Amino acid sequence: MDFPLWPVAASNIASDVDHLYIYLVLVSAVMTLLIFATIFVFAIKYRRRSPDEVPAPIHGSLKLEITWSIIPFLIMLTFFWWGAKIFFLNATPPPDSMDVYVVGKQWMWKIQYPGGQREINELHVPVGRPVKVTLASEDVIHSFFIPAFRIKHDVVPGRYDTMWFTATKPGRYHLFCAEYCGTEHSGMVGWVTVMSPIDYENWLAGGGTGGTMAQQGEQLFEQLGCSNCHLTDRQGRGPNLRGVFGSHVQLTDGRSVSVDDVFIRESILNPNAKIVEGYRPNVMPNFQGQVTEEQILQLIAYIKSLAIPGTAVAPVGTQPASATQPIGGKL
Amino acid sequence: MSTALEQPRAQEKPNYLNAEYGWKSWLLTTDHKRIAVLYIISISAMFLLGGIFAMLIRLELLTPQGDLVNSDTYNKFFTMHGVVMVFFFLVPSIPATLGNFLVPMMIGAKDLAFPRINLLSWYIYIVGALFALAAIAMGGVDTGWTFYTPFSTTYSNTFVITAAVGVFIAGFSSILTGLNFIVTVHKMRAPGMTWGRLPLFVWANYATALIQVLGTPVVAITLALVGLERAFHIGIFDPAIGGDPILFQHMFWFYSHPAVYIMILPGMGVISELVTCFSRKGVFGYPFIAGSSLGIAIIGFLVWGHHMFVTGMSTYAALYFSLLTMLVAVPSAIKVFNWTATMYRGSISYETPMLYAFGFIGLFTIGGLTGLFLGTLGVDVHLTDTYFVVAHFHYVMVGGMVLAYLGGLHFWWPKITGKMYPDGWGKFSALLVFAGFNLTFFPQFITGYLGQPRRYHAYAPEFQVLNVMSTAGASVLGLGFLIPAIYLLMSLRNGKPAGNNPWGAKGLEWETTSPPPTFNFDETPIVTEEAYAYAKHEEEHVG
């Protein structure tokens, strides 16, 4: 019977987390054994020998109290320091990460790649390449958990969260939902397949799609009638979206905001929340309930692709990156 | 239980049990001791109910497929296990029973400061419990005891409001008990019972009362908002209507983390009493044990965010919560070291209550240390929401609190009932509890690090061996809880008279008769010595 006692380590941070965990286990084991042994020795050595014996009182010792407050606290500070270091170093994805978009929905994981490939409960990633996962939820809070990578992040409705990892070992690993999300919570599981870069390229090429995420977003942009007002060649009733992604815009209330994923999402679902200077409220219809989180991600990909006039974002999987190049690439 | 207690005995001195007879004399009583007995009966019933849900959970998890009940039923099992155990057993357990019985007696008072409010708090508890039971009877709740939004406000199709109302109401019972304790300890101490002479059990209950009064209103408001959001869609927590689901977690844990200390502090108070009595020696570092209770109560309010490291909180906020989590462990460590030092050169005997105290110190140490794993940022990301968390808080709540409760119940049972129980059976079941507990929960640390998420109806097959161990342990543990229930109840009829002070313990509660008279003391005791003055045993007596 398959009976593991230690999880597979298959990401860049897995061994760091394991080392810290082993340190914690060792320190705890020593502390526990010390206390157990002391109590055991005292219980034997100072057992009651006659029913009427009365031991001499010992009231305490300031020196001891200070010692056993400070030393454990210093040890705990090493836990804190090491743990914070791992947390901080992995808080921000490296700039050369490839993107994957994950939408949690009762009770499945919907995964999209910039190239337009889509999967349910399956995530394919290449070995050795940082992957930035953008997380969105269609309904309740989920949590995206890959034990073999030692990473987890809550997937909270109404916003985007990101996490990242670099897979280090080809194989198939569990993908779990770790935040209780209703009836089939324990069925909201899938697999992460880590492939060699070449296998990954083949896999990407094999997935027949209706175009990249940006292209799918462009189709939606037409279907939903966005293009009637948001003209891409000149100003319409709504702002021209060419080149706006990543820029700063002035709002009617005087604030300035940067045009990012969160702002675009909010502007689709609740257009009146922030009105750009020069435009009127109550012009754009509310798309709450009209588009899924996956579609919003496609629309964002499209608007992002308009960022630099004349260039569309190429599927990330096809971009060369030094980490994934075969050895021959160095020549 | 009461009928057995009520049998008049010609030779018996008047006491709180034989002072009056009939159900009215119990249901309308304002005697803190009778109210404590009412609470013991009520929370034992809730413990049994929560325990049945626990056994059903463990039975389902014997196999990985989830083939005993369907997913909805399983989800209701763990929700109701949590709701019943946390809000209707653990929170009231020691303060409302042993605290109610002992706090006035330990400070030499006739009763709590507000006896009628004390009775009211029991009735409020019962009304809250009836709502929870109604929610169960109507079909259950499936949100988890944490009621996370927006699942609880928008998506669950179960009786969330009924259960939330039950918890909301029971909260007031907790607030009133806390209020009563604070006023009692401030105003009702006997002459000579200075703050520096208070038994550590009183200090622990006092610190607990502060948290109850300051923290419970927050969870009450939070659950009221969940109910309002669910009924009227007011847009507090549901992002689809402008709310923030994470706001709920902040509010919930702002209470529920301190609530962990509501559950464990009184247990620590019990252990301080047991260790001194069965070492027959004054406690080591009295001001540090007393002060650490207050320290825990204060710092405990500042660490709630460590439940939320993976919600996407700011990395700097995470840093702050992680650091303070390390700090809150210091007062707990101080207690463990001082208990150990108290045994040094003591005169240690191993009656049943002391075995529970040994068990508590060991299991609480493991529970506390594994809490540090979860407060450590890099490791918590992997461990949170896995069985590691389940194992950790059961080490604290069952290994700590339940063992302390059982130890305390065995220690003061002769005082409460005037009867002794068979010590041999007591020791045997204490060992069963210890062994069963470890077999149940230790494997869960391993499944947790392997990555088994909590609240899973079906799980990956490679986790089965460890889960079978857990289920086997749970059966032993269940037996360990059942045996004391039997011999303690039997002792009411057949137990030998206990005498006033069967353990040779110090403390005003041991100066009076067993069971004590209605107003605790024939005349107000005058306190002339520090707590636990075992060395002066032969000299002067008070009361």
# chains A, B, ... in the order shown; residues from 1 in each chain; ligands from 1
call {"tool": "select_by_dssp", "arguments": {"residues": "segment 37-282 of chain A", "states": "alpha helix (DSSP H)", "output": "ChimeraX atom specification"}}
result
/A:37-45,62-89,197-206,213-223,226-229,261-269
call {"tool": "closest_atom_pairs", "arguments": {"of": "chain A", "to": "chain B", "cutoff": "7 Å", "atoms": "only C-alpha atoms", "output": "JSON lines"}}
result
{"residue": "A:Asp2", "atom": "CA", "partner": "B:Glu462", "partner_atom": "CA", "distance": 5.4}
{"residue": "A:Phe3", "atom": "CA", "partner": "B:Glu462", "partner_atom": "CA", "distance": 5.5}
{"residue": "A:Pro4", "atom": "CA", "partner": "B:Glu462", "partner_atom": "CA", "distance": 6.9}
{"residue": "A:Leu5", "atom": "CA", "partner": "B:Ile446", "partner_atom": "CA", "distance": 6.6}
{"residue": "A:Trp6", "atom": "CA", "partner": "B:Leu450", "partner_atom": "CA", "distance": 5.9}
{"residue": "A:Pro7", "atom": "CA", "partner": "B:Leu450", "partner_atom": "CA", "distance": 4.8}
{"residue": "A:Val17", "atom": "CA", "partner": "B:Val379", "partner_atom": "CA", "distance": 5.9}
{"residue": "A:Tyr21", "atom": "CA", "partner": "B:Val379", "partner_atom": "CA", "distance": 6.6}
{"residue": "A:Leu24", "atom": "CA", "partner": "B:Phe373", "partner_atom": "CA", "distance": 6.8}
{"residue": "A:Ser28", "atom": "CA", "partner": "B:Leu369", "partner_atom": "CA", "distance": 6.1}
{"residue": "A:Thr32", "atom": "CA", "partner": "B:Thr365", "partner_atom": "CA", "distance": 6.6}
{"residue": "A:Phe36", "atom": "CA", "partner": "B:Gly362", "partner_atom": "CA", "distance": 6.6}
{"residue": "A:Ile39", "atom": "CA", "partner": "B:Thr340", "partner_atom": "CA", "distance": 6.2}
{"residue": "A:Phe42", "atom": "CA", "partner": "B:Tyr344", "partner_atom": "CA", "distance": 6.0}
{"residue": "A:Ala43", "atom": "CA", "partner": "B:Ile348", "partner_atom": "CA", "distance": 6.2}
{"residue": "A:Tyr46", "atom": "CA", "partner": "B:Ser347", "partner_atom": "CA", "distance": 5.6}
{"residue": "A:Arg47", "atom": "CA", "partner": "B:Ile348", "partner_atom": "CA", "distance": 4.4}
{"residue": "A:Arg48", "atom": "CA", "partner": "B:Ser347", "partner_atom": "CA", "distance": 4.5}
{"residue": "A:Val54", "atom": "CA", "partner": "B:Ala535", "partner_atom": "CA", "distance": 6.0}
{"residue": "A:Pro55", "atom": "CA", "partner": "B:Gly346", "partner_atom": "CA", "distance": 5.7}
{"residue": "A:Ala56", "atom": "CA", "partner": "B:Ala535", "partner_atom": "CA", "distance": 6.2}
{"residue": "A:Pro57", "atom": "CA", "partner": "B:Gly282", "partner_atom": "CA", "distance": 5.8}
{"residue": "A:Ile58", "atom": "CA", "partner": "B:Phe284", "partner_atom": "CA", "distance": 6.4}
{"residue": "A:His59", "atom": "CA", "partner": "B:Phe284", "partner_atom": "CA", "distance": 5.2}
{"residue": "A:Gly60", "atom": "CA", "partner": "B:Gly285", "partner_atom": "CA", "distance": 4.5}
{"residue": "A:Ser61", "atom": "CA", "partner": "B:Gly285", "partner_atom": "CA", "distance": 6.9}
{"residue": "A:Trp68", "atom": "CA", "partner": "B:Ile334", "partner_atom": "CA", "distance": 6.9}
{"residue": "A:Ser69", "atom": "CA", "partner": "B:Val330", "partner_atom": "CA", "distance": 6.1}
{"residue": "A:Phe73", "atom": "CA", "partner": "B:Val330", "partner_atom": "CA", "distance": 6.4}
{"residue": "A:Met76", "atom": "CA", "partner": "B:Met326", "partner_atom": "CA", "distance": 5.9}
{"residue": "A:Phe79", "atom": "CA", "partner": "B:Thr376", "partner_atom": "CA", "distance": 6.1}
{"residue": "A:Phe80", "atom": "CA", "partner": "B:Thr376", "partner_atom": "CA", "distance": 5.5}
{"residue": "A:Gly83", "atom": "CA", "partner": "B:Gly378", "partner_atom": "CA", "distance": 4.3}
{"residue": "A:Ala84", "atom": "CA", "partner": "B:Leu377", "partner_atom": "CA", "distance": 5.4}
{"residue": "A:Ile86", "atom": "CA", "partner": "B:Gly378", "partner_atom": "CA", "distance": 5.2}
{"residue": "A:Phe87", "atom": "CA", "partner": "B:Gly378", "partner_atom": "CA", "distance": 4.8}
{"residue": "A:Val140", "atom": "CA", "partner": "B:Phe151", "partner_atom": "CA", "distance": 5.5}
{"residue": "A:Pro147", "atom": "CA", "partner": "B:Gly451", "partner_atom": "CA", "distance": 5.1}
{"residue": "A:Arg150", "atom": "CA", "partner": "B:His382", "partner_atom": "CA", "distance": 4.8}
{"residue": "A:Ile151", "atom": "CA", "partner": "B:His382", "partner_atom": "CA", "distance": 5.4}
{"residue": "A:Lys152", "atom": "CA", "partner": "B:Val381", "partner_atom": "CA", "distance": 5.8}
{"residue": "A:His153", "atom": "CA", "partner": "B:Val310", "partner_atom": "CA", "distance": 5.0}
{"residue": "A:Asp154", "atom": "CA", "partner": "B:Thr311", "partner_atom": "CA", "distance": 5.0}
{"residue": "A:Pro157", "atom": "CA", "partner": "B:Pro239", "partner_atom": "CA", "distance": 6.5}
{"residue": "A:Gly158", "atom": "CA", "partner": "B:Pro239", "partner_atom": "CA", "distance": 5.4}
{"residue": "A:Asp161", "atom": "CA", "partner": "B:Gly312", "partner_atom": "CA", "distance": 6.7}
{"residue": "A:Ala178", "atom": "CA", "partner": "B:Pro453", "partner_atom": "CA", "distance": 5.4}
{"residue": "A:Glu179", "atom": "CA", "partner": "B:Asp385", "partner_atom": "CA", "distance": 6.6}
{"residue": "A:Tyr180", "atom": "CA", "partner": "B:Arg455", "partner_atom": "CA", "distance": 6.5}
{"residue": "A:Cys181", "atom": "CA", "partner": "B:Phe151", "partner_atom": "CA", "distance": 6.8}
{"residue": "A:Thr183", "atom": "CA", "partner": "B:Asp72", "partner_atom": "CA", "distance": 5.2}
{"residue": "A:Glu184", "atom": "CA", "partner": "B:Ser71", "partner_atom": "CA", "distance": 6.5}
{"residue": "A:His185", "atom": "CA", "partner": "B:Tyr456", "partner_atom": "CA", "distance": 6.8}
{"residue": "A:Ser186", "atom": "CA", "partner": "B:Tyr456", "partner_atom": "CA", "distance": 4.7}
call {"tool": "residues_around", "arguments": {"residues": "Phe393 of chain B", "least_positions_apart": "3", "cutoff": "12 Å", "atoms": "only C-alpha atoms", "output": "ChimeraX atom specification"}}
result
/B:82,86,257,260-261,263-264,363-372,374,384-390,396-402,441-442,444-445
call {"tool": "write_last_selection", "arguments": {"atoms": "N, CA and C atoms", "output": "compact mmCIF listing (two decimals), in the first residue's frame"}}
result
# COMPACT_ATOMS: atom_id res chain seq x y z
N GLY B 82 -18.18 21.24 15.39
CA GLY B 82 -17.46 22.45 15.76
C GLY B 82 -18.33 23.43 16.54
N VAL B 86 -17.32 24.10 20.34
CA VAL B 86 -16.70 25.39 20.64
C VAL B 86 -17.63 26.26 21.46
N HIS B 257 -9.89 34.28 18.03
CA HIS B 257 -8.58 33.92 18.56
C HIS B 257 -8.51 34.14 20.07
N VAL B 260 -9.93 31.36 21.95
CA VAL B 260 -9.08 30.20 22.24
C VAL B 260 -8.55 30.32 23.67
N TYR B 261 -8.24 31.55 24.08
CA TYR B 261 -7.73 31.74 25.43
C TYR B 261 -8.85 31.71 26.46
N MET B 263 -11.00 29.54 26.23
CA MET B 263 -11.12 28.10 26.42
C MET B 263 -9.95 27.54 27.21
N ILE B 264 -8.73 28.08 27.03
CA ILE B 264 -7.59 27.41 27.64
C ILE B 264 -7.17 28.02 28.98
N LEU B 363 0.57 17.45 26.66
CA LEU B 363 -0.17 17.68 25.41
C LEU B 363 -0.26 19.16 25.09
N PHE B 364 -0.39 19.98 26.13
CA PHE B 364 -0.45 21.42 25.87
C PHE B 364 0.89 21.91 25.32
N THR B 365 1.98 21.33 25.81
CA THR B 365 3.30 21.72 25.28
C THR B 365 3.36 21.43 23.78
N ILE B 366 2.89 20.24 23.40
CA ILE B 366 2.91 19.91 21.97
C ILE B 366 1.96 20.83 21.20
N GLY B 367 0.78 21.06 21.78
CA GLY B 367 -0.19 21.95 21.12
C GLY B 367 0.37 23.35 20.95
N GLY B 368 1.04 23.84 21.98
CA GLY B 368 1.59 25.20 21.91
C GLY B 368 2.72 25.29 20.91
N LEU B 369 3.63 24.31 20.93
CA LEU B 369 4.76 24.36 20.01
C LEU B 369 4.31 24.26 18.56
N THR B 370 3.32 23.40 18.30
CA THR B 370 2.85 23.29 16.91
C THR B 370 2.11 24.56 16.50
N GLY B 371 1.60 25.31 17.50
CA GLY B 371 1.02 26.61 17.18
C GLY B 371 2.08 27.55 16.61
N LEU B 372 3.31 27.41 17.11
CA LEU B 372 4.39 28.24 16.59
C LEU B 372 4.71 27.90 15.13
N LEU B 374 2.54 27.19 13.01
CA LEU B 374 1.51 27.87 12.23
C LEU B 374 1.66 29.38 12.27
N THR B 384 -1.55 25.71 6.65
CA THR B 384 -2.87 26.21 7.01
C THR B 384 -3.95 25.49 6.23
N ASP B 385 -5.09 25.29 6.88
CA ASP B 385 -6.22 24.58 6.29
C ASP B 385 -5.93 23.11 5.97
N THR B 386 -4.87 22.55 6.59
CA THR B 386 -4.66 21.11 6.46
C THR B 386 -4.94 20.46 7.81
N TYR B 387 -4.77 19.14 7.84
CA TYR B 387 -4.99 18.41 9.10
C TYR B 387 -3.99 18.78 10.18
N PHE B 388 -2.89 19.44 9.78
CA PHE B 388 -1.95 19.89 10.81
C PHE B 388 -2.65 20.86 11.76
N VAL B 389 -3.47 21.73 11.18
CA VAL B 389 -4.21 22.69 12.00
C VAL B 389 -5.20 21.96 12.91
N VAL B 390 -5.87 20.97 12.34
CA VAL B 390 -6.83 20.18 13.11
C VAL B 390 -6.12 19.54 14.30
N VAL B 396 -4.52 21.49 21.80
CA VAL B 396 -4.77 22.54 22.78
C VAL B 396 -6.15 22.37 23.42
N MET B 397 -7.16 22.12 22.58
CA MET B 397 -8.53 22.13 23.09
C MET B 397 -8.90 20.83 23.82
N VAL B 398 -8.51 19.71 23.28
CA VAL B 398 -8.84 18.43 23.95
C VAL B 398 -7.69 18.05 24.89
N GLY B 399 -6.48 17.99 24.33
CA GLY B 399 -5.33 17.64 25.16
C GLY B 399 -5.13 18.63 26.29
N GLY B 400 -5.44 19.90 26.02
CA GLY B 400 -5.34 20.92 27.06
C GLY B 400 -6.64 21.05 27.83
N MET B 401 -7.59 21.69 27.20
CA MET B 401 -8.80 22.09 27.93
C MET B 401 -9.61 20.92 28.47
N VAL B 402 -9.87 19.92 27.66
CA VAL B 402 -10.73 18.83 28.13
C VAL B 402 -10.03 18.06 29.26
N PHE B 441 -4.83 12.03 17.27
CA PHE B 441 -4.42 13.30 16.69
C PHE B 441 -2.97 13.38 16.25
N PHE B 442 -2.08 12.53 16.79
CA PHE B 442 -0.70 12.66 16.33
C PHE B 442 -0.56 12.37 14.83
N GLN B 444 -2.41 13.06 12.57
CA GLN B 444 -2.94 14.16 11.76
C GLN B 444 -1.88 15.25 11.51
N PHE B 445 -0.87 15.32 12.38
CA PHE B 445 0.25 16.22 12.07
C PHE B 445 0.91 15.75 10.78
call {"tool": "closest_residue", "arguments": {"among": "A:Ala167, A:Leu175, A:Val249, A:Leu224", "to": "Asn12 of chain A", "atoms": "only C-alpha atoms"}}
result
A:Ala167
call {"tool": "residues_around", "arguments": {"residues": "segment 284-290 of chain A", "least_positions_apart": "6", "cutoff": "9 Å", "atoms": "only C-alpha atoms", "output": "JSON, numbers by chain"}}
result
{"A": [229, 237, 238, 267, 268, 269, 270, 271, 272], "B": [240]}
call {"tool": "residues_around", "arguments": {"residues": "segment 169-173 of chain B", "least_positions_apart": "5", "cutoff": "6 Å", "atoms": "only C-alpha atoms", "output": "PyMOL selection string"}}
result
chain B and resi 121+124-125+128
call {"tool": "atom_distance", "arguments": {"atom1": "atom CA of Leu508 of chain B", "atom2": "atom CA of Met106 of chain B"}}
result
5.2 Å
call {"tool": "select_by_dssp", "arguments": {"residues": "segment 63-182 of chain A", "states": "strand (DSSP E or B)", "output": "ChimeraX atom specification"}}
result
/A:98-105,108-112,118-120,122-126,130-137,142-146,151-155,161-167,171-177
call {"tool": "residues_around", "arguments": {"residues": "Pro266 of chain B", "least_positions_apart": "2", "cutoff": "9 Å", "atoms": "only C-alpha atoms", "output": "JSON, numbers by chain"}}
result
{"B": [93, 94, 95, 99, 201, 202, 203, 204, 205, 206, 207, 208, 261, 262, 263, 264, 268, 269, 270, 271, 401, 404, 405]}
call {"tool": "atom_distance", "arguments": {"atom1": "atom CA of Glu294 of chain A", "atom2": "atom CA of His142 of chain A"}}
result
15.6 Å
call {"tool": "residues_around", "arguments": {"residues": "segment 467-481 of chain B", "least_positions_apart": "4", "cutoff": "10 Å", "atoms": "only C-alpha atoms", "output": "PyMOL selection string"}}
result
chain B and resi 48+51-52+54-64+402+406+426+428-444+447+459+461-463+485-486
call {"tool": "write_last_selection", "arguments": {"atoms": "N, CA and C atoms", "output": "tab-separated table (two decimals), in the first residue's frame"}}
result
chain	number	residue	atom	x	y	z
B	48	LEU	N	-21.57	15.29	24.82
B	48	LEU	CA	-21.97	14.00	24.27
B	48	LEU	C	-22.41	14.17	22.81
B	51	GLY	N	-19.54	14.92	20.67
B	51	GLY	CA	-18.73	13.70	20.57
B	51	GLY	C	-19.32	12.71	19.59
B	52	ILE	N	-20.65	12.63	19.54
B	52	ILE	CA	-21.29	11.73	18.58
B	52	ILE	C	-20.96	12.18	17.16
B	54	ALA	N	-18.34	13.80	16.30
B	54	ALA	CA	-16.92	13.50	16.08
B	54	ALA	C	-16.75	12.04	15.67
B	55	MET	N	-17.46	11.13	16.35
B	55	MET	CA	-17.33	9.71	16.01
B	55	MET	C	-17.85	9.44	14.60
B	56	LEU	N	-18.93	10.14	14.21
B	56	LEU	CA	-19.45	9.95	12.85
B	56	LEU	C	-18.44	10.45	11.81
B	57	ILE	N	-17.78	11.55	12.13
B	57	ILE	CA	-16.74	12.07	11.22
B	57	ILE	C	-15.63	11.03	11.06
B	58	ARG	N	-15.15	10.51	12.22
B	58	ARG	CA	-14.03	9.56	12.17
B	58	ARG	C	-14.44	8.28	11.46
B	59	LEU	N	-15.70	7.88	11.63
B	59	LEU	CA	-16.19	6.67	10.97
B	59	LEU	C	-16.19	6.86	9.46
B	60	GLU	N	-16.64	8.02	9.01
B	60	GLU	CA	-16.65	8.31	7.57
B	60	GLU	C	-15.23	8.28	7.01
B	61	LEU	N	-14.28	8.81	7.79
B	61	LEU	CA	-12.91	8.96	7.28
B	61	LEU	C	-12.10	7.67	7.39
B	62	LEU	N	-12.75	6.60	7.82
B	62	LEU	CA	-12.07	5.30	7.85
B	62	LEU	C	-11.67	4.88	6.43
B	63	THR	N	-12.49	5.25	5.47
B	63	THR	CA	-12.16	4.94	4.07
B	63	THR	C	-12.08	6.24	3.29
B	64	PRO	N	-11.24	6.26	2.25
B	64	PRO	CA	-11.04	7.53	1.52
B	64	PRO	C	-12.19	7.91	0.59
B	402	VAL	N	-9.87	19.92	27.66
B	402	VAL	CA	-10.73	18.83	28.13
B	402	VAL	C	-10.03	18.06	29.26
B	406	LEU	N	-11.48	17.60	32.96
B	406	LEU	CA	-11.63	16.30	33.63
B	406	LEU	C	-10.80	16.25	34.91
B	426	GLY	N	-10.45	5.82	37.86
B	426	GLY	CA	-10.07	7.16	37.43
B	426	GLY	C	-8.73	7.15	36.72
B	428	PHE	N	-7.21	4.57	35.39
B	428	PHE	CA	-7.30	3.76	34.17
B	428	PHE	C	-7.86	4.60	33.02
B	429	SER	N	-8.94	5.34	33.29
B	429	SER	CA	-9.53	6.09	32.18
B	429	SER	C	-8.67	7.29	31.81
B	430	ALA	N	-7.94	7.87	32.79
B	430	ALA	CA	-7.02	8.97	32.44
B	430	ALA	C	-5.97	8.47	31.46
B	431	LEU	N	-5.46	7.24	31.70
B	431	LEU	CA	-4.47	6.68	30.78
B	431	LEU	C	-5.08	6.39	29.41
B	432	LEU	N	-6.33	5.89	29.42
B	432	LEU	CA	-7.02	5.62	28.15
B	432	LEU	C	-7.18	6.92	27.35
B	433	VAL	N	-7.59	7.98	28.04
B	433	VAL	CA	-7.78	9.26	27.36
B	433	VAL	C	-6.47	9.71	26.74
B	434	PHE	N	-5.39	9.60	27.51
B	434	PHE	CA	-4.08	10.06	27.03
B	434	PHE	C	-3.65	9.26	25.80
B	435	ALA	N	-3.76	7.93	25.91
B	435	ALA	CA	-3.32	7.09	24.80
B	435	ALA	C	-4.23	7.28	23.59
B	436	GLY	N	-5.53	7.26	23.82
B	436	GLY	CA	-6.48	7.41	22.71
B	436	GLY	C	-6.32	8.75	22.03
B	437	PHE	N	-6.10	9.77	22.84
B	437	PHE	CA	-5.95	11.11	22.26
B	437	PHE	C	-4.76	11.16	21.31
B	438	ASN	N	-3.62	10.67	21.79
B	438	ASN	CA	-2.42	10.74	20.95
B	438	ASN	C	-2.55	9.91	19.68
B	439	LEU	N	-3.18	8.75	19.82
B	439	LEU	CA	-3.36	7.91	18.64
B	439	LEU	C	-4.29	8.60	17.64
B	440	THR	N	-5.26	9.35	18.14
B	440	THR	CA	-6.18	10.03	17.23
B	440	THR	C	-5.50	11.18	16.51
B	441	PHE	N	-4.83	12.03	17.27
B	441	PHE	CA	-4.42	13.30	16.69
B	441	PHE	C	-2.97	13.38	16.25
B	442	PHE	N	-2.08	12.53	16.79
B	442	PHE	CA	-0.70	12.66	16.33
B	442	PHE	C	-0.56	12.37	14.83
B	443	PRO	N	-1.21	11.30	14.32
B	443	PRO	CA	-1.08	11.04	12.88
B	443	PRO	C	-1.56	12.21	12.02
B	444	GLN	N	-2.41	13.06	12.57
B	444	GLN	CA	-2.94	14.16	11.76
B	444	GLN	C	-1.88	15.25	11.51
B	447	THR	N	-0.44	13.69	8.31
B	447	THR	CA	-1.29	13.88	7.12
B	447	THR	C	-1.35	15.35	6.74
B	459	TYR	N	-10.94	11.68	0.51
B	459	TYR	CA	-9.55	12.14	0.47
B	459	TYR	C	-8.70	11.20	-0.37
B	461	PRO	N	-6.22	8.42	-1.55
B	461	PRO	CA	-6.06	7.11	-0.92
B	461	PRO	C	-4.76	6.94	-0.14
B	462	GLU	N	-3.70	7.68	-0.51
B	462	GLU	CA	-2.43	7.47	0.20
B	462	GLU	C	-2.48	7.96	1.65
B	463	PHE	N	-3.54	8.70	2.02
B	463	PHE	CA	-3.65	9.15	3.41
B	463	PHE	C	-4.38	8.15	4.29
B	485	ALA	N	-17.83	9.02	33.01
B	485	ALA	CA	-19.26	9.37	33.10
B	485	ALA	C	-19.98	8.33	33.95
B	486	ILE	N	-19.60	7.06	33.76
B	486	ILE	CA	-20.29	5.98	34.49
B	486	ILE	C	-19.91	6.00	35.97
